[in-house]
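Visitor: For reference, this is model24.txt, and it has compact mmCIF, C-alpha atoms.
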# COMPACT_ATOMS: atom_id res chain seq x y z
CA MET A 1 118.53 0.80 127.58
CA VAL A 2 118.55 -0.57 124.03
CA SER A 3 120.65 2.34 122.77
CA VAL A 4 123.16 1.79 125.59
CA ASN A 5 123.47 -1.88 124.68
CA LEU A 6 123.91 -1.00 121.02
CA GLY A 7 126.67 1.42 121.96
CA VAL A 8 128.45 -1.28 123.94
CA LEU A 9 127.98 -3.66 121.01
CA HIS A 10 129.63 -1.22 118.58
CA TYR A 11 132.52 -0.66 120.99
CA VAL A 12 132.97 -4.39 121.55
CA LEU A 13 132.85 -5.00 117.79
CA ASP A 14 135.82 -2.67 117.36
CA HIS A 15 137.78 -4.65 119.95
CA ILE A 16 136.78 -8.02 118.46
CA TYR A 17 137.81 -6.82 115.01
CA GLY A 18 141.03 -5.40 116.46
CA ALA A 19 141.79 -8.65 118.27
CA PHE A 20 141.25 -10.68 115.12
CA VAL A 21 143.25 -8.37 112.86
CA HIS A 22 145.96 -7.13 115.21
CA ARG A 23 146.42 -9.54 118.13
CA THR A 24 146.68 -12.93 116.41
CA LYS A 25 150.05 -14.45 115.58
CA LEU A 26 148.90 -14.56 111.97
CA SER A 27 149.38 -10.80 111.80
CA THR A 28 152.67 -8.89 111.91
CA PRO A 29 152.59 -6.01 114.43
CA PHE A 30 153.39 -2.39 113.63
CA PHE A 31 157.05 -1.33 113.98
CA SER A 32 158.49 -4.86 114.14
CA LYS A 33 161.89 -3.51 112.97
CA GLY A 34 162.09 -0.81 115.65
CA TRP A 35 162.43 2.94 115.55
CA GLY A 36 164.15 3.46 112.20
CA GLY A 37 167.57 4.68 113.36
CA SER A 38 168.84 7.90 111.80
CA LYS A 39 165.71 8.11 109.62
CA LEU A 40 163.67 8.86 112.73
CA ASP A 41 165.88 11.85 113.54
CA LEU A 42 165.48 13.09 109.95
CA LEU A 43 161.71 12.71 110.03
CA GLU A 44 161.31 14.43 113.38
CA ARG A 45 163.15 17.41 111.90
CA PHE A 46 161.07 17.44 108.71
CA VAL A 47 157.76 17.19 110.57
CA LYS A 48 158.75 20.19 112.69
CA GLN A 49 159.49 22.11 109.47
CA LEU A 50 155.78 21.91 108.56
CA PHE A 51 155.26 24.91 110.86
CA PRO A 52 156.36 27.88 108.72
CA ALA A 53 157.74 31.12 110.11
CA THR A 54 155.57 32.98 107.58
CA GLU A 55 152.45 31.96 105.66
CA THR A 56 154.25 31.98 102.32
CA GLN A 57 157.37 30.10 103.44
CA ASN A 58 156.25 26.67 102.19
CA TRP A 59 153.95 27.92 99.40
CA PRO A 60 153.51 27.40 96.53
CA PRO A 61 154.52 23.74 96.63
CA THR A 62 156.23 21.95 93.78
CA LEU A 63 153.72 21.78 90.92
CA VAL A 64 153.11 18.20 89.80
CA GLN A 65 152.14 17.18 86.27
CA PRO A 66 150.51 13.74 86.42
CA MET A 67 150.66 11.51 83.34
CA TRP A 68 147.04 10.48 82.75
CA LYS A 69 145.31 7.49 81.23
CA THR A 70 141.55 7.14 80.85
CA VAL A 71 140.06 4.15 82.68
CA TRP A 72 136.48 4.72 81.47
CA GLU A 73 134.35 7.54 80.13
CA THR A 74 130.61 8.03 79.75
CA ARG A 75 128.46 10.93 78.61
CA ASN A 76 128.33 12.27 82.17
CA ALA A 77 131.65 11.41 83.83
CA CYS A 78 135.23 10.29 83.32
CA LEU A 79 137.63 8.25 85.47
CA ARG A 80 141.34 8.74 84.87
CA GLU A 81 144.37 7.44 86.68
CA GLY A 82 147.59 9.43 86.90
CA ILE A 83 151.15 8.94 88.03
CA PHE A 84 153.73 11.52 89.08
CA ARG A 85 157.09 11.64 90.82
CA THR A 86 156.62 12.53 94.47
CA PRO A 87 157.42 16.25 94.87
CA CYS A 88 159.13 15.86 98.25
CA ASP A 89 162.52 17.11 99.33
CA GLU A 90 165.37 14.88 98.07
CA GLN A 91 166.25 13.86 101.62
CA LEU A 92 162.73 12.53 102.08
CA ILE A 93 162.82 10.76 98.72
CA ASN A 94 166.08 9.07 99.73
CA ALA A 95 164.40 7.88 102.94
CA LEU A 96 161.46 6.38 101.01
CA PRO A 97 161.47 2.82 99.71
CA PRO A 98 161.93 2.85 95.90
CA GLU A 99 158.39 1.50 95.48
CA SER A 100 157.04 4.79 96.87
CA TYR A 101 158.96 7.19 94.61
CA ASN A 102 156.03 7.52 92.18
CA ALA A 103 152.61 8.62 93.43
CA ARG A 104 149.35 7.35 91.92
CA VAL A 105 145.97 9.09 91.82
CA ALA A 106 142.48 8.30 90.55
CA PHE A 107 140.45 11.25 89.27
CA LEU A 108 136.67 10.97 88.90
CA VAL A 109 135.18 14.05 87.23
CA PRO A 110 131.67 15.03 86.13
CA LYS A 111 131.42 16.39 82.58
CA SER A 112 128.31 18.54 82.91
CA VAL A 113 129.96 21.86 83.91
CA PRO A 114 133.38 23.54 83.50
CA PRO A 115 135.91 23.15 86.35
CA GLN A 116 135.50 26.73 87.57
CA LYS A 117 131.86 25.92 88.37
CA MET A 118 132.83 22.65 90.04
CA ALA A 119 134.44 21.46 93.29
CA CYS A 120 137.01 18.72 93.78
CA VAL A 121 137.87 16.92 97.01
CA VAL A 122 141.11 14.98 97.55
CA HIS A 123 140.46 11.74 99.48
CA LEU A 124 143.29 10.39 101.66
CA ALA A 125 143.76 6.78 102.75
CA GLY A 126 142.90 5.38 106.15
CA THR A 127 145.01 2.66 107.75
CA GLY A 128 144.97 -0.39 105.48
CA ASP A 129 143.23 1.30 102.53
CA HIS A 130 145.48 0.08 99.72
CA THR A 131 143.23 0.69 96.71
CA PHE A 132 141.17 3.44 95.08
CA GLU A 133 137.86 1.55 95.17
CA ARG A 134 136.40 2.42 98.60
CA ARG A 135 137.08 6.13 98.22
CA LEU A 136 135.78 6.16 94.64
CA ARG A 137 132.55 4.57 95.94
CA LEU A 138 132.35 7.33 98.55
CA GLY A 139 132.87 10.05 95.95
CA GLY A 140 130.87 8.54 93.08
CA PRO A 141 127.39 9.70 94.19
CA LEU A 142 128.76 13.25 94.55
CA LEU A 143 129.08 13.52 90.76
CA LYS A 144 125.44 14.61 90.63
CA GLU A 145 126.38 17.51 92.94
CA ASN A 146 129.13 18.54 90.49
CA ILE A 147 131.81 17.42 92.96
CA ALA A 148 134.85 15.63 91.54
CA THR A 149 136.88 13.11 93.53
CA MET A 150 140.67 12.72 93.51
CA VAL A 151 142.03 9.67 95.37
CA LEU A 152 145.69 9.56 96.39
CA GLU A 153 147.46 6.25 96.95
CA SER A 154 149.57 6.69 100.08
CA PRO A 155 153.28 5.91 100.19
CA PHE A 156 153.84 2.46 101.78
CA TYR A 157 150.38 1.38 100.49
CA GLY A 158 149.06 -0.37 97.38
CA GLN A 159 151.55 -0.41 94.53
CA ARG A 160 153.78 1.86 96.66
CA ARG A 161 154.15 -0.71 99.44
CA PRO A 162 157.73 -1.88 100.12
CA ARG A 163 158.40 -5.51 99.28
CA LEU A 164 159.15 -6.59 102.87
CA GLN A 165 156.11 -4.90 104.45
CA ARG A 166 153.13 -7.09 105.32
CA GLY A 167 149.86 -5.33 104.58
CA ALA A 168 149.62 -1.96 106.33
CA LYS A 169 152.01 -2.93 109.16
CA LEU A 170 154.77 -0.34 108.81
CA LEU A 171 158.16 -1.77 109.73
CA CYS A 172 159.56 1.22 111.66
CA VAL A 173 158.24 4.20 113.61
CA SER A 174 160.08 6.44 111.14
CA ASP A 175 157.90 4.99 108.36
CA LEU A 176 154.76 6.40 110.02
CA LEU A 177 156.19 9.92 110.13
CA LEU A 178 157.53 9.53 106.59
CA LEU A 179 154.15 8.33 105.29
CA GLY A 180 152.50 11.35 106.90
CA ARG A 181 154.98 13.98 105.72
CA VAL A 182 155.03 12.67 102.13
CA THR A 183 151.23 12.42 102.03
CA ILE A 184 150.98 16.04 103.18
CA ASP A 185 153.46 17.24 100.54
CA GLU A 186 151.76 15.30 97.76
CA SER A 187 148.29 16.47 98.83
CA ARG A 188 149.37 20.11 98.87
CA SER A 189 150.86 19.77 95.39
CA LEU A 190 147.66 18.13 94.12
CA LEU A 191 145.48 20.88 95.58
CA HIS A 192 147.75 23.45 93.94
CA TRP A 193 147.37 21.59 90.63
CA LEU A 194 143.57 21.48 91.00
CA GLU A 195 143.38 25.21 91.69
CA VAL A 196 146.06 26.56 89.31
CA GLU A 197 146.24 24.07 86.43
CA ALA A 198 142.80 22.45 86.39
CA GLY A 199 140.98 25.61 87.50
CA PHE A 200 138.49 24.16 90.00
CA GLY A 201 136.34 26.78 91.71
CA LYS A 202 136.37 25.05 95.10
CA THR A 203 138.62 22.40 96.61
CA GLY A 204 138.62 20.24 99.70
CA ILE A 205 140.43 17.46 101.51
CA CYS A 206 139.00 14.52 103.43
CA GLY A 207 140.17 11.26 104.92
CA LEU A 208 139.11 8.51 107.25
CA SER A 209 140.99 7.59 110.45
CA MET A 210 144.72 8.10 109.68
CA GLY A 211 143.69 9.83 106.46
CA GLY A 212 141.55 12.19 108.52
CA VAL A 213 144.58 13.26 110.58
CA HIS A 214 146.49 14.00 107.37
CA ALA A 215 143.47 15.83 105.91
CA ALA A 216 143.28 18.05 109.00
CA MET A 217 146.97 18.89 108.67
CA VAL A 218 146.67 19.74 104.97
CA GLY A 219 143.56 21.86 105.55
CA SER A 220 145.31 23.67 108.37
CA LEU A 221 148.35 24.56 106.23
CA HIS A 222 146.50 25.59 103.06
CA PRO A 223 146.83 29.35 102.40
CA ARG A 224 143.22 29.69 101.19
CA PRO A 225 139.92 28.42 102.61
CA ILE A 226 139.17 24.82 101.62
CA ALA A 227 136.69 22.22 102.80
CA THR A 228 138.40 20.11 105.47
CA LEU A 229 136.76 16.86 106.53
CA PRO A 230 138.41 14.50 109.03
CA PHE A 231 136.25 11.37 109.38
CA LEU A 232 136.58 9.07 112.44
CA ALA A 233 139.95 10.73 113.09
CA PRO A 234 141.90 11.42 116.30
CA HIS A 235 143.72 14.67 116.99
CA SER A 236 147.02 12.77 117.12
CA ALA A 237 148.56 9.39 116.26
CA VAL A 238 149.34 9.09 119.99
CA VAL A 239 145.66 8.32 120.56
CA ALA A 240 145.59 5.54 117.96
CA PHE A 241 148.83 3.77 118.88
CA CYS A 242 149.08 4.43 122.62
CA GLU A 243 145.44 4.53 123.78
CA GLY A 244 143.12 2.88 121.24
CA VAL A 245 142.91 -0.65 119.86
CA LEU A 246 146.14 -0.26 117.86
CA LYS A 247 148.19 -0.30 121.06
CA TYR A 248 147.67 -4.07 120.91
CA ALA A 249 149.09 -4.10 117.39
CA THR A 250 152.34 -2.33 118.29
CA ALA A 251 155.59 -4.31 118.64
CA TRP A 252 156.49 -2.90 122.05
CA GLY A 253 159.09 -5.59 122.64
CA ALA A 254 160.87 -4.82 119.37
CA LEU A 255 160.86 -1.09 120.19
CA ARG A 256 162.32 -1.75 123.63
CA GLU A 257 164.99 -4.11 122.28
CA ASP A 258 165.95 -1.73 119.46
CA ALA A 259 166.47 1.13 121.91
CA GLU A 260 167.94 -1.08 124.64
CA GLN A 261 171.03 -1.70 122.53
CA LYS A 262 171.91 1.98 122.98
CA THR A 263 170.17 3.19 126.12
CA GLY A 264 168.98 0.22 128.18
CA MET A 265 165.35 1.29 127.72
CA THR A 266 162.56 -0.38 129.69
CA LEU A 267 159.20 -1.30 128.19
CA GLU A 268 157.52 1.63 129.93
CA GLN A 269 160.20 3.99 128.63
CA ALA A 270 159.59 2.64 125.12
CA ARG A 271 155.91 3.50 125.49
CA GLU A 272 156.75 7.01 126.67
CA ARG A 273 159.22 7.56 123.85
CA LEU A 274 156.65 6.50 121.25
CA ARG A 275 154.14 8.87 122.82
CA SER A 276 156.74 11.66 122.63
CA VAL A 277 157.63 10.96 118.98
CA LEU A 278 154.00 10.71 117.87
CA SER A 279 153.11 13.94 119.67
CA LEU A 280 154.60 15.58 116.55
CA THR A 281 151.36 14.54 114.81
CA ASP A 282 149.17 16.49 117.27
CA VAL A 283 146.95 18.54 114.98
CA THR A 284 146.03 20.95 117.79
CA ARG A 285 149.56 22.36 117.37
CA PHE A 286 148.84 23.24 113.74
CA PRO A 287 147.48 26.65 112.64
CA ILE A 288 143.74 27.24 112.65
CA PRO A 289 142.43 26.80 109.07
CA LYS A 290 141.62 29.94 107.09
CA ASN A 291 137.89 29.21 107.28
CA PRO A 292 137.24 26.98 110.32
CA GLU A 293 133.49 27.06 109.56
CA SER A 294 134.21 24.81 106.57
CA VAL A 295 135.82 22.18 108.84
CA ILE A 296 133.42 19.35 109.67
CA PHE A 297 134.50 16.40 111.81
CA VAL A 298 132.38 13.26 111.61
CA ALA A 299 132.96 11.07 114.67
CA ALA A 300 131.43 7.88 116.07
CA THR A 301 129.65 7.70 119.41
CA ASP A 302 131.22 4.38 120.48
CA ASP A 303 134.58 4.28 118.73
CA GLY A 304 137.03 1.72 120.16
CA TYR A 305 139.90 3.27 118.22
CA ILE A 306 139.22 6.99 118.69
CA PRO A 307 137.86 8.22 122.08
CA LYS A 308 135.46 11.15 122.12
CA HIS A 309 137.85 13.41 124.02
CA SER A 310 140.31 13.31 121.12
CA VAL A 311 137.76 14.66 118.63
CA LEU A 312 136.59 17.35 121.05
CA GLU A 313 140.18 18.51 121.68
CA LEU A 314 140.58 19.33 118.01
CA GLN A 315 137.22 21.09 117.80
CA LYS A 316 138.21 23.18 120.81
CA ALA A 317 141.52 24.10 119.15
CA TRP A 318 139.67 25.20 115.99
CA PRO A 319 136.79 27.46 117.12
CA GLY A 320 134.01 27.58 114.53
CA SER A 321 134.52 24.01 113.36
CA GLU A 322 131.67 21.49 113.65
CA VAL A 323 131.51 17.95 115.01
CA ARG A 324 128.81 15.59 113.76
CA TRP A 325 128.22 12.33 115.61
CA VAL A 326 127.09 9.09 113.98
CA THR A 327 125.85 6.16 116.02
CA GLY A 328 128.35 3.33 115.93
CA GLY A 329 131.93 2.26 116.40
CA HIS A 330 134.95 2.75 114.18
CA VAL A 331 134.34 -0.32 112.02
CA SER A 332 130.54 -0.11 111.81
CA SER A 333 130.61 3.63 110.99
CA PHE A 334 133.23 3.03 108.31
CA LEU A 335 130.82 0.52 106.74
CA LEU A 336 127.41 2.09 107.38
CA HIS A 337 127.66 5.89 107.37
CA ASN A 338 128.94 6.87 103.92
CA ASP A 339 125.82 8.98 103.38
CA GLU A 340 126.76 11.07 106.44
CA PHE A 341 130.29 11.51 105.11
CA ARG A 342 128.92 12.65 101.74
CA ARG A 343 126.49 15.08 103.39
CA ALA A 344 129.37 16.60 105.34
CA ILE A 345 131.39 17.03 102.13
CA VAL A 346 128.52 18.86 100.42
CA ASP A 347 127.83 21.06 103.45
CA SER A 348 131.49 21.95 103.94
CA LEU A 349 131.91 22.98 100.29
CA ASN A 350 128.72 25.04 100.48
CA ARG A 351 130.35 27.12 103.23
CA LEU A 352 133.03 28.27 100.79
CA GLN A 353 132.63 31.11 98.32
CA TRP A 354 133.11 30.76 94.60
CA PRO A 355 136.06 32.77 93.21
CA GLU A 356 133.81 35.36 91.51
CA GLU A 357 132.06 35.99 94.85
CA ASN A 358 135.45 36.75 96.44
CA GLU A 359 136.29 39.17 93.62
CA SER A 360 133.05 41.09 94.04
Kindly transcribe the structure held in the file into structure tokens.
Guide:
Amino acid sequence: MVSVNLGVLHYVLDHIYGAFVHRTKLSTPFFSKGWGGSKLDLLERFVKQLFPATETQNWPPTLVQPMWKTVWETRNACLREGIFRTPCDEQLINALPPESYNARVAFLVPKSVPPQKMACVVHLAGTGDHTFERRLRLGGPLLKENIATMVLESPFYGQRRPRLQRGAKLLCVSDLLLLGRVTIDESRSLLHWLEVEAGFGKTGICGLSMGGVHAAMVGSLHPRPIATLPFLAPHSAVVAFCEGVLKYATAWGALREDAEQKTGMTLEQARERLRSVLSLTDVTRFPIPKNPESVIFVAATDDGYIPKHSVLELQKAWPGSEVRWVTGGHVSSFLLHNDEFRRAIVDSLNRLQWPEENES
């Protein structure tokens, strides 16, 4: 009975947090400026282009060359920050706000072994994660396992946030698709850099919530086996914005009014159109990763943002992948279960072979 009550408490905590953050008049809702006009048509086309006709069609990606500066260095580790021009298609760059043209990364590396004997995991941002700090704290203890951490600042976030955007509340629906597509392109280029330029023996990708969706997409599209770790992530943005707590943070009236000028759309039709647009983010439509055994989902038992069925749909679509459950809701698990996230990272990387093992 106690465990049931705790589960309800975690679930209620998510809704209380969501009400405070998303449902007060102090907070701007998502998509307050509507659909995004012609940009939405462009982004729908570019998201569909993620599905290649052949495995080599979109590979290799544009190789990035970050300009690095050292933040600190000790005998055992080094933290650098880098900046590079986003490697996306020019049409996507033109759709981005100017603040997002340059990507920023933090790179935390152990110094005890050469890169070919080391792994590196790229950490992607969850909704509202504007800085490097939380993800560096997650990756820091992994230094002793000879696992480096690379943290990507998302477009529309941190120093890449457009001037008129309040916090993480994207102004248009097109911005959500643009954030996702650019994050995928930048992540793929960074993984290529880690493997080809830096020479890491193993690589991986992880992310929490929205970042977990993007991590699953990147892991799915990578031509070689990598560790893929979606944490507290749905199988699609439809779940987050149309079913979970974030449906209360969506400017449904603005979406209806923006479309009504052209089509006379009702509120219910606006909800259905958003569901249709965001179905492009359904990860179950993506290819099965090259080594599904190295895919580990970490999900919460009482998540008010991400229902259990969403996690299980993705596991079903990727046979061989593993789901690990932590007790808690979205917010409490984000705060309390970093050790479980780290254990999953280590275990996922251990399921990959080192390059010399592949050669033999």
Visitor: Provide the atom CA of A:Tyr305 to atom CA of A:Val245 distance in Å, to one decimal place.
Guide: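 Interatomic distance, atom CA of A:Tyr305 to atom CA of A:Val245: 5.2 Å.
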Visitor: Using atom CA of A:Pro61 and atom CA of A:Leu40 as the two end points, give the distance in Å to one decimal.
Guide: 23.8 Å
Visitor: Using all atoms listed in the file, which of the listed residues (A:Arg342, A:Lys169, A:Lys69, A:Lys111) sits closest to A:Leu246?
Guide: A:Lys169
Visitor: Using all atoms listed in the file, can you tell me which of A:Ser310, A:Thr228, A:Asn291, A:Ser32 comes closest to A:Ser174?
Guide: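 Under the stated criterion, the closest residue is A:Ser32.
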Visitor: What is the atom CA of A:Val105 to atom CA of A:Ile296 distance in Å?
Guide: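 The value is 24.1 Å.
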Visitor: Per residue of stretch 114-176 of chain A within 8 Å of stretch 187-199 of chain A, record the nearest atom pair and its distance in Å to one decimal, counting all atoms listed in the file, with rows in chain order and ascending residue number, as a Markdown table.
Guide:
| residue | atom | partner | partner_atom | distance |
| --- | --- | --- | --- | --- |
| A:Pro115 | CA | A:Gly199 | CA | 5.8 |
| A:Gln116 | CA | A:Gly199 | CA | 5.6 |
| A:Cys120 | CA | A:Leu194 | CA | 7.6 |
| A:Val122 | CA | A:Ser187 | CA | 7.4 |
| A:Leu152 | CA | A:Ser187 | CA | 7.8 |
Visitor: Looking at all atoms listed in the file, which of A:Leu349, A:Leu142, A:Leu314, A:Cys78 is the one that sits closest to A:Val283?
Guide: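 Of A:Leu349, A:Leu142, A:Leu314, A:Cys78, the one nearest A:Val283 is A:Leu314, counting all atoms listed in the file.
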Visitor: Return the single residue from A:Pro234, A:Gly304, A:Pro60, A:Gly329 that is closest to A:Thr284, with distances computed using only C-alpha atoms.
Guide: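 Comparing A:Pro234, A:Gly304, A:Pro60, A:Gly329 against A:Thr284, the winner is A:Pro234.
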